[in-house]
Each structure stands twice: as structure tokens, then as C-alpha cells.
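Asks: So here's upload-v4.cif, just mmCIF, C-alpha atoms:
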data_start
#
loop_
_atom_site.label_atom_id
_atom_site.label_comp_id
_atom_site.auth_asym_id
_atom_site.auth_seq_id
_atom_site.Cartn_x
_atom_site.Cartn_y
_atom_site.Cartn_z
CA MET A 11 0.00 0.00 0.00
CA SER A 12 1.23 3.50 -0.81
CA THR A 13 2.42 5.68 2.05
CA ILE A 14 0.60 8.99 2.41
CA ILE A 15 2.99 11.93 2.46
CA ASP A 16 1.40 15.27 3.28
CA THR A 17 3.56 18.07 1.90
CA PHE A 18 0.99 20.83 2.41
CA ILE A 19 2.21 23.85 4.35
CA ALA A 20 -0.59 26.22 5.36
CA PRO A 21 0.08 29.91 4.76
CA PRO A 22 -0.36 32.16 7.82
CA CYS A 23 -3.98 32.89 8.71
CA HIS A 24 -4.41 36.35 10.21
CA ASP A 25 -8.19 36.14 10.58
CA GLU A 26 -9.58 35.55 14.05
CA ILE A 27 -11.90 32.78 15.19
CA GLU A 28 -15.26 34.31 16.07
CA ILE A 29 -16.89 32.80 19.16
CA LEU A 30 -20.61 33.10 18.49
CA TRP A 31 -21.98 31.36 21.58
CA GLN A 32 -20.62 29.54 24.61
CA ASP A 33 -21.57 27.92 27.88
CA GLU A 34 -19.72 25.67 30.30
CA HIS A 35 -20.20 22.66 28.00
CA LEU A 36 -19.56 23.79 24.44
CA LEU A 37 -18.66 26.58 22.03
CA ILE A 38 -20.11 27.53 18.67
CA ILE A 39 -17.59 29.32 16.47
CA ASN A 40 -17.19 30.79 13.02
CA LYS A 41 -14.00 29.38 11.49
CA PRO A 42 -12.21 31.62 9.00
CA SER A 43 -11.23 30.29 5.59
CA GLY A 44 -7.53 29.44 5.45
CA LEU A 45 -7.25 27.95 8.94
CA LEU A 46 -6.72 24.26 9.66
CA SER A 47 -9.25 22.64 11.98
CA LEU A 48 -6.57 20.52 13.64
CA SER A 49 -2.79 21.03 13.74
CA GLY A 50 -0.82 18.90 11.29
CA LYS A 51 2.13 16.62 11.98
CA ASN A 52 4.46 19.14 10.37
CA PRO A 53 5.41 21.77 13.02
CA GLN A 54 4.89 24.45 10.35
CA ASN A 55 1.19 23.53 10.47
CA LEU A 56 0.78 24.13 14.20
CA ASP A 57 -1.78 26.94 13.88
CA SER A 58 -5.33 25.59 13.85
CA VAL A 59 -8.77 25.99 15.38
CA HIS A 60 -7.90 23.52 18.13
CA HIS A 61 -4.46 25.03 18.81
CA ARG A 62 -5.93 28.50 19.25
CA LEU A 63 -8.96 27.51 21.32
CA VAL A 64 -7.16 25.18 23.72
CA GLN A 65 -5.16 28.20 24.91
CA LEU A 66 -8.42 29.83 26.00
CA PHE A 67 -10.43 26.73 26.89
CA PRO A 68 -8.10 24.01 28.22
CA GLY A 69 -9.45 20.54 27.54
CA CYS A 70 -11.61 21.54 24.58
CA THR A 71 -11.78 19.07 21.68
CA LEU A 72 -13.09 19.06 18.13
CA VAL A 73 -16.33 17.21 17.45
CA HIS A 74 -16.07 17.61 13.66
CA ARG A 75 -13.87 19.43 11.17
CA LEU A 76 -14.13 21.83 8.27
CA ASP A 77 -11.70 21.76 5.37
CA PHE A 78 -8.84 24.26 5.42
CA GLY A 79 -10.52 26.52 2.85
CA THR A 80 -14.05 26.23 4.21
CA SER A 81 -15.37 28.89 6.58
CA GLY A 82 -18.30 28.75 8.94
CA LEU A 83 -19.92 27.08 11.90
CA MET A 84 -18.26 24.50 14.12
CA VAL A 85 -19.30 23.14 17.51
CA ILE A 86 -16.47 22.57 20.00
CA ALA A 87 -16.78 20.35 23.09
CA ARG A 88 -15.30 21.69 26.32
CA ASN A 89 -14.75 18.25 27.86
CA LYS A 90 -14.56 14.58 26.84
CA ALA A 91 -18.07 13.68 28.00
CA ILE A 92 -19.63 16.43 25.87
CA ASN A 93 -17.45 15.38 22.95
CA ALA A 94 -18.72 11.80 23.20
CA ALA A 95 -22.35 12.93 23.39
CA LEU A 96 -22.02 15.24 20.39
CA CYS A 97 -20.07 12.67 18.38
CA GLN A 98 -22.94 10.25 18.95
CA GLN A 99 -25.35 12.77 17.40
CA PHE A 100 -23.06 13.15 14.39
CA SER A 101 -22.66 9.38 13.97
CA GLN A 102 -26.44 8.89 14.21
CA ARG A 103 -26.86 11.61 11.55
CA SER A 104 -29.19 13.59 13.80
CA VAL A 105 -27.11 16.74 13.24
CA THR A 106 -28.14 18.89 10.27
CA LYS A 107 -25.42 20.87 8.49
CA ILE A 108 -26.26 23.32 5.73
CA TYR A 109 -23.69 25.08 3.56
CA ARG A 110 -23.72 27.94 1.07
CA ALA A 111 -21.48 27.77 -1.98
CA LEU A 112 -20.79 29.41 -5.31
CA LEU A 113 -20.60 26.85 -8.11
CA CYS A 114 -18.99 27.37 -11.51
CA GLY A 115 -21.54 27.77 -14.30
CA HIS A 116 -25.33 27.79 -14.21
CA LEU A 117 -27.05 24.63 -12.97
CA ALA A 118 -29.88 23.39 -15.14
CA ASP A 119 -32.04 22.05 -12.30
CA ASP A 120 -33.27 24.06 -9.32
CA GLU A 121 -32.66 21.21 -6.91
CA GLY A 122 -31.41 17.66 -6.83
CA VAL A 123 -29.48 14.90 -5.11
CA ILE A 124 -25.94 13.68 -5.71
CA ASP A 125 -25.59 10.04 -4.67
CA ALA A 126 -22.03 8.88 -5.34
CA ALA A 127 -19.77 6.74 -3.15
CA ILE A 128 -16.42 8.28 -2.17
CA ALA A 129 -13.13 6.41 -1.72
CA LYS A 130 -9.68 7.21 -0.38
CA ASP A 131 -6.66 6.35 -2.51
CA PRO A 132 -3.23 6.99 -0.95
CA ALA A 133 -1.74 7.23 -4.44
CA LEU A 134 -3.97 10.22 -5.18
CA PHE A 135 -3.62 11.98 -1.78
CA PRO A 136 -5.04 14.48 -0.91
CA LEU A 137 -7.70 13.86 -3.56
CA MET A 138 -10.70 11.63 -2.94
CA SER A 139 -12.37 9.75 -5.77
CA ILE A 140 -15.82 8.60 -6.81
CA CYS A 141 -15.82 4.79 -6.70
CA ALA A 142 -18.95 2.65 -6.64
CA ILE A 143 -16.94 -0.49 -5.78
CA HIS A 144 -14.58 0.62 -3.00
CA GLY A 145 -16.17 3.88 -1.89
CA LYS A 146 -18.31 4.56 1.15
CA PRO A 147 -21.91 5.69 0.49
CA ALA A 148 -22.20 9.47 0.19
CA ARG A 149 -25.26 11.58 -0.50
CA SER A 150 -25.73 15.35 -0.79
CA ARG A 151 -28.71 17.53 -1.64
CA TYR A 152 -28.54 20.88 -3.41
CA ARG A 153 -30.94 23.74 -3.95
CA VAL A 154 -30.33 26.71 -6.24
CA VAL A 155 -30.58 30.10 -4.51
CA GLU A 156 -29.50 32.34 -7.39
CA ARG A 157 -27.95 32.22 -10.84
CA LEU A 158 -25.67 35.19 -11.44
CA TYR A 159 -22.76 36.71 -13.31
CA GLN A 160 -19.83 38.05 -11.31
CA THR A 161 -17.35 40.51 -12.83
CA GLN A 162 -13.72 39.92 -11.88
CA GLU A 163 -10.97 42.56 -11.53
CA ASN A 164 -9.67 41.68 -15.00
CA GLY A 165 -13.12 42.30 -16.48
CA THR A 166 -13.99 38.65 -16.98
CA GLU A 167 -17.61 37.75 -16.23
CA LEU A 168 -18.07 34.46 -14.41
CA ALA A 169 -21.33 32.55 -14.71
CA LEU A 170 -22.01 31.26 -11.18
CA THR A 171 -24.77 29.57 -9.20
CA ARG A 172 -25.30 30.25 -5.52
CA VAL A 173 -26.54 27.07 -3.88
CA GLU A 174 -27.53 25.62 -0.55
CA LEU A 175 -25.87 22.26 0.07
CA THR A 176 -26.99 19.69 2.63
CA PRO A 177 -24.74 16.66 3.13
CA GLU A 178 -26.65 13.63 4.38
CA THR A 179 -23.37 11.80 5.06
CA GLY A 180 -20.03 13.17 6.24
CA ARG A 181 -17.28 11.92 3.93
CA THR A 182 -14.00 13.77 3.46
CA HIS A 183 -14.29 16.42 0.72
CA GLN A 184 -17.87 15.24 0.11
CA LEU A 185 -19.42 18.50 -1.06
CA ARG A 186 -16.39 19.44 -3.14
CA ILE A 187 -16.20 16.17 -5.05
CA HIS A 188 -19.98 15.86 -5.36
CA CYS A 189 -20.22 19.30 -6.94
CA GLN A 190 -17.47 18.29 -9.37
CA GLN A 191 -19.45 15.13 -10.12
CA LEU A 192 -22.46 17.37 -10.82
CA GLY A 193 -20.36 19.15 -13.44
CA HIS A 194 -20.25 22.42 -11.48
CA PRO A 195 -17.25 22.49 -9.10
CA ILE A 196 -17.16 24.91 -6.18
CA LEU A 197 -15.51 28.17 -7.20
CA GLY A 198 -11.95 28.41 -5.87
CA CYS A 199 -11.61 24.66 -5.25
CA ASP A 200 -8.07 23.84 -6.34
CA LEU A 201 -8.50 20.07 -5.92
CA TYR A 202 -11.71 19.47 -7.84
CA GLY A 203 -11.75 21.87 -10.77
CA GLY A 204 -12.93 25.10 -9.16
CA LYS A 205 -10.20 27.21 -10.75
CA ARG A 206 -10.59 26.00 -14.33
CA LEU A 207 -13.34 28.41 -15.37
CA PRO A 208 -11.70 31.19 -17.41
CA GLY A 209 -11.26 34.16 -15.09
CA SER A 210 -11.42 32.08 -11.91
CA GLU A 211 -7.68 31.48 -11.54
CA GLN A 212 -7.18 34.35 -9.08
CA ILE A 213 -10.05 33.47 -6.73
CA SER A 214 -8.47 33.73 -3.29
CA ARG A 215 -10.52 31.18 -1.35
CA LEU A 216 -12.81 28.18 -1.55
CA MET A 217 -16.35 29.53 -1.88
CA LEU A 218 -17.88 27.16 0.66
CA HIS A 219 -19.34 28.28 3.99
CA ALA A 220 -21.00 26.24 6.76
CA SER A 221 -23.99 28.49 7.33
CA GLU A 222 -26.30 26.40 9.56
CA LEU A 223 -25.78 23.81 12.27
CA HIS A 224 -28.72 22.15 14.04
CA PHE A 225 -28.30 19.73 16.95
CA VAL A 226 -29.52 19.05 20.49
CA HIS A 227 -27.63 20.41 23.47
CA PRO A 228 -26.25 17.29 25.17
CA VAL A 229 -26.95 18.58 28.71
CA SER A 230 -30.05 20.77 28.52
CA GLY A 231 -31.74 18.81 25.74
CA GLU A 232 -32.67 22.07 24.04
CA PRO A 233 -32.46 22.32 20.24
CA ILE A 234 -29.55 24.47 19.06
CA ASP A 235 -30.15 26.24 15.74
CA ALA A 236 -26.95 28.09 14.83
CA ARG A 237 -26.82 30.28 11.72
CA HIS A 238 -24.11 32.43 10.21
CA ASP A 239 -24.46 34.31 6.92
CA SER A 240 -22.09 33.48 4.09
CA PRO A 241 -19.38 36.14 3.55
CA PHE A 242 -19.64 35.81 -0.26
#
Written as C-alpha cells, that's how I'd like the structure from this file.

Replies:
Amino acid sequence: MSTIIDTFIAPPCHDEIEILWQDEHLLIINKPSGLLSLSGKNPQNLDSVHHRLVQLFPGCTLVHRLDFGTSGLMVIARNKAINAALCQQFSQRSVTKIYRALLCGHLADDEGVIDAAIAKDPALFPLMSICAIHGKPARSRYRVVERLYQTQENGTELALTRVELTPETGRTHQLRIHCQQLGHPILGCDLYGGKRLPGSEQISRLMLHASELHFVHPVSGEPIDARHDSPF
């Protein structure tokens, strides 16, 4: 089996983590684009959501992750018991996550489902692949919010579709590879074709934002409905 070698070095992220809500059990934050969720093995990749927050909240742990380029909502457990309770909600798929994204081109349908199994292949790292034989089941729903044209600094007009994405499973890179499979990659996605649209080469970030997070507070039992508007 091929050995995975991660050569990625994250550029410095000067944006702050925004703490949107907190109590003695958990935090809800807005992660900036360009910040790792968890520190990497390479000491040059020390800066991360967890590295920053553990300085302020000793003992806090990540319940889930967002990709480096993705911004938006994350829930952070402040102790191991809360982490276990929240992880159970994620594993039971009782947590609802909704994202906003800008996709390249104009989608033909106003809504739909992408049902395509996703597999890891060390030889292709860090890319994932669609594979019906070896992949794990993966399903995402999309809904068109707006079809638009966006003028770039060089005068190029990009045809884009603003969508709402709801992953029903939680595979690595799921929304990014599913949108590529749809034929409309997420704008700014360097791994899955989001910089191939003429005029999109200079897009500075992945246009994917975790805008809603719905779960049950593991102690109070109250429903938590967190929302944060997309910055793009």
C-alpha cells in the first residue's frame, strides 16, 4: 500500500476565530477560511482551530472538522463527556449541516441529489475519488438560490450559481467532489476543478461556507439552531 505523504504547508492565517456562543459545555464558532481545523504533523502547520482555542479553553476538543478553505460554523466540546455525546449525534446523523457555496456555471435544475460513493486512494492523496466499488456511500442535496454573473478585476464575467448544500453523510471532501461530479465544481476549489473556469484562476478562497448547524444540546436537551451568513 502507498504511504501517504502530506507536503501541504498552510500559509499564515491572520483572521480571528469568532466565538458566536458559549456555555460551560460547548462553544459555537465561526471558522475563517484558510485555517486548519486541527494542527498537522508538520510543526509548520501548528496553527489551527484547536491550537488556538485550547489556549483559551483548556481541555476543549473538536467534534467535527471543516476543510482548510471552508469557513463557517463549528461546535467545540469543552470536555470529553460532551465530545462523546455530540459525536454520537453526528454518527447517528441527527445533526443537520447546511452550507452555502458558489458553483462554476449555471445549474440546469433548481434542486437535486448527488448520490455517489467516495473512496480514499493513498496514491492520489489528498484527492478523494468517486468509486462505486470501493467507496463509502455518500449523499448530498442541493438547492439553487441564485444564478448570477460576477465581474472579476480583469473584467472577466463568471457565470455562477449560488446554492444551498446539505450533506446527508459526512465523507472527506464530500461537497467538493460531489459538486465536481455534478459538473459544477465549487468556485476556488483547487483540488476538484474550481479554478478552471476562465477568469477564476485568481479566486483567493474556496467559496464554501458552513452556514447552519442544528443539533440538540447534550446537557439541557434544548435544540440548538446556529446560523451564520455566508461572507460571499

Asks: May I have a table of the residues of segment 92-158 of chain A lying at most 6 Å from segment 167-181 of chain A, giving each one's closest pair of atoms and their distance in Å to one decimal, counting only C-alpha atoms, ordered by chain and ascending residue number, as CSV?

Replies:
residue,atom,partner,partner_atom,distance
A:Ile108,CA,A:Thr176,CA,4.8
A:Tyr109,CA,A:Leu175,CA,5.0
A:Arg110,CA,A:Glu174,CA,4.7
A:Ala111,CA,A:Val173,CA,5.5
A:Leu112,CA,A:Arg172,CA,4.6
A:Leu113,CA,A:Thr171,CA,5.1
A:Cys114,CA,A:Leu170,CA,4.9
A:Gly115,CA,A:Leu170,CA,4.7
A:His116,CA,A:Thr171,CA,5.3
A:Ala148,CA,A:Thr179,CA,5.5
A:Arg149,CA,A:Glu178,CA,5.5
A:Ser150,CA,A:Pro177,CA,4.3
A:Arg151,CA,A:Thr176,CA,5.1
A:Tyr152,CA,A:Leu175,CA,4.6
A:Arg153,CA,A:Glu174,CA,5.2
A:Val154,CA,A:Val173,CA,4.5
A:Val155,CA,A:Val173,CA,5.1
A:Glu156,CA,A:Arg172,CA,5.1
A:Arg157,CA,A:Thr171,CA,4.5
A:Leu158,CA,A:Leu170,CA,5.4

Asks: Export C-alpha atoms of the chosen residues as a compact mmCIF listing (two decimals), in the coordinates of the input?

Replies:
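Produced file result07.txt, reproduced below:
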# COMPACT_ATOMS: atom_id res chain seq x y z
CA ILE A 108 -26.26 23.32 5.73
CA TYR A 109 -23.69 25.08 3.56
CA ARG A 110 -23.72 27.94 1.07
CA ALA A 111 -21.48 27.77 -1.98
CA LEU A 112 -20.79 29.41 -5.31
CA LEU A 113 -20.60 26.85 -8.11
CA CYS A 114 -18.99 27.37 -11.51
CA GLY A 115 -21.54 27.77 -14.30
CA HIS A 116 -25.33 27.79 -14.21
CA ALA A 148 -22.20 9.47 0.19
CA ARG A 149 -25.26 11.58 -0.50
CA SER A 150 -25.73 15.35 -0.79
CA ARG A 151 -28.71 17.53 -1.64
CA TYR A 152 -28.54 20.88 -3.41
CA ARG A 153 -30.94 23.74 -3.95
CA VAL A 154 -30.33 26.71 -6.24
CA VAL A 155 -30.58 30.10 -4.51
CA GLU A 156 -29.50 32.34 -7.39
CA ARG A 157 -27.95 32.22 -10.84
CA LEU A 158 -25.67 35.19 -11.44

Asks: Identify, on the basis of all atoms listed in the file, every residue whose closest approach to His144 of chain A does not exceed 9 Å; exclude the query and any residue fewer than 5 positions from it along the same chain; express the result as a compact mmCIF listing (two decimals) with C-alpha atoms, in the coordinates of the input.

Replies:
# COMPACT_ATOMS: atom_id res chain seq x y z
CA ALA A 127 -19.77 6.74 -3.15
CA ILE A 128 -16.42 8.28 -2.17
CA ALA A 129 -13.13 6.41 -1.72
CA LYS A 130 -9.68 7.21 -0.38

Asks: For a quick check of understanding, using all atoms listed in the file, which of A:His35, A:Arg215, A:Lys205, A:His188 has the smallest distance to Asp77 of chain A?

Replies: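 Closest candidate: A:Arg215.
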
Asks: Pick out the residues sitting within 10 Å of Tyr202 of chain A, and hand them over as a PyMOL selection string; count only C-alpha atoms, and ignore anything fewer than 4 positions along from it in its own chain.

Replies: chain A and resi 137-139+183+186-191+194-198+206

Asks: Quick one: residues within 9 Å of Gln54 of chain A, all atoms listed in the file counted, chain neighbours fewer than 4 positions away excluded, as number ranges by chain?

Replies: A: 19-20, 50

Asks: Write out the residues from the selection above, keeping C-alpha atoms, as a PDB file, in the coordinates of the input.

Replies:
ATOM      1  CA  ILE A  19       2.210  23.850   4.350  1.00  0.00           C
ATOM      2  CA  ALA A  20      -0.590  26.220   5.360  1.00  0.00           C
ATOM      3  CA  GLY A  50      -0.820  18.900  11.290  1.00  0.00           C
TER       4      GLY A  50
END

Asks: Which residues, written as an mmCIF file with C-alpha atoms, in the frame of the given file, have at least one atom at most 12 Å from Gln98 of chain A, with all atoms listed in the file counted and residues fewer than 4 positions away on the same chain left out?

Replies:
data_model
loop_
_atom_site.group_PDB
_atom_site.id
_atom_site.type_symbol
_atom_site.label_atom_id
_atom_site.label_comp_id
_atom_site.auth_asym_id
_atom_site.auth_seq_id
_atom_site.Cartn_x
_atom_site.Cartn_y
_atom_site.Cartn_z
ATOM 1 C CA VAL A 73 -16.330 17.210 17.450
ATOM 2 C CA HIS A 74 -16.070 17.610 13.660
ATOM 3 C CA ALA A 91 -18.070 13.680 28.000
ATOM 4 C CA ILE A 92 -19.630 16.430 25.870
ATOM 5 C CA ASN A 93 -17.450 15.380 22.950
ATOM 6 C CA ALA A 94 -18.720 11.800 23.200
ATOM 7 C CA GLN A 102 -26.440 8.890 14.210
ATOM 8 C CA ARG A 103 -26.860 11.610 11.550
ATOM 9 C CA SER A 104 -29.190 13.590 13.800
ATOM 10 C CA VAL A 105 -27.110 16.740 13.240
ATOM 11 C CA PHE A 225 -28.300 19.730 16.950
ATOM 12 C CA VAL A 226 -29.520 19.050 20.490
ATOM 13 C CA PRO A 228 -26.250 17.290 25.170
#

Asks: Quick one: distance from atom CA of His227 of chain A to atom CA of Ala95 of chain A in Å, one decimal?

Replies: 9.2 Å

Asks: A:Pro21, A:Gly82, A:Pro42, A:Pro53: which is nearest Glu222 of chain A, counting all atoms listed in the file?

Replies: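 Result for the nearest residue to Glu222 of chain A: A:Gly82.
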
Asks: Report, in Å to a single decimal, how far apart atom CA of Pro22 of chain A and atom CA of His60 of chain A are.

Replies: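 Straight-line distance from atom CA of His60 of chain A to atom CA of Pro22 of chain A works out to 15.4 Å.
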
Asks: Pick from A:Gly69, A:Leu223, A:Pro147, A:Leu185: nearest to Phe100 of chain A, with all atoms listed in the file counted?

Replies: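 Going through A:Gly69, A:Leu223, A:Pro147, A:Leu185 one by one, the smallest distance to Phe100 of chain A is for A:Leu223.
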
Asks: Would you compute the distance between atom CA of Asp33 of chain A and atom CA of Phe78 of chain A? Give it in Å to one decimal.

Replies: 26.1 Å

Asks: Need the axis-aligned box for segment 94-109 of chain A with 4 Å each side, so what are the centre and edges in Å to one decimal, as JSON?

Replies:
{"center_x": -24.0, "center_y": 17.0, "center_z": 13.5, "size_x": 18.5, "size_y": 24.2, "size_z": 27.8}

Asks: Hey, which of A:His219, A:His24, A:His224, A:Arg88 ends up closest to Ser58 of chain A? Count all atoms listed in the file.

Replies: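 Under the stated criterion, the closest residue is A:His24.
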
Asks: For Ile27 of chain A, work out the shell of residues within 10 Å, counting only C-alpha atoms and skipping chain neighbours fewer than 2 positions away, then give it as a ChimeraX atom specification.

Replies: /A:24-25,29-30,39-43,45,58-59,62-63,82

Asks: Return as a ChimeraX atom specification the set of residues that the PyMOL selection byres ((chain A and resi 166) around 12) yields on the displayed structure.

Replies: /A:159-165,167-169,207-212

Asks: Based on the selection just made, write C-alpha atoms of those residues as a PDB file, in the frame of the given file.

Replies:
ATOM      1  CA  TYR A 159     -22.760  36.710 -13.310  1.00  0.00           C
ATOM      2  CA  GLN A 160     -19.830  38.050 -11.310  1.00  0.00           C
ATOM      3  CA  THR A 161     -17.350  40.510 -12.830  1.00  0.00           C
ATOM      4  CA  GLN A 162     -13.720  39.920 -11.880  1.00  0.00           C
ATOM      5  CA  GLU A 163     -10.970  42.560 -11.530  1.00  0.00           C
ATOM      6  CA  ASN A 164      -9.670  41.680 -15.000  1.00  0.00           C
ATOM      7  CA  GLY A 165     -13.120  42.300 -16.480  1.00  0.00           C
ATOM      8  CA  GLU A 167     -17.610  37.750 -16.230  1.00  0.00           C
ATOM      9  CA  LEU A 168     -18.070  34.460 -14.410  1.00  0.00           C
ATOM     10  CA  ALA A 169     -21.330  32.550 -14.710  1.00  0.00           C
ATOM     11  CA  LEU A 207     -13.340  28.410 -15.370  1.00  0.00           C
ATOM     12  CA  PRO A 208     -11.700  31.190 -17.410  1.00  0.00           C
ATOM     13  CA  GLY A 209     -11.260  34.160 -15.090  1.00  0.00           C
ATOM     14  CA  SER A 210     -11.420  32.080 -11.910  1.00  0.00           C
ATOM     15  CA  GLU A 211      -7.680  31.480 -11.540  1.00  0.00           C
ATOM     16  CA  GLN A 212      -7.180  34.350  -9.080  1.00  0.00           C
TER      17      GLN A 212
END

Asks: Taking all atoms listed in the file into account, which of A:Gly231, A:Leu192, A:Ser47, A:Asn55 comes nearest Val123 of chain A?

Replies: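 Residue with the minimum atom-to-atom distance to Val123 of chain A: A:Leu192.
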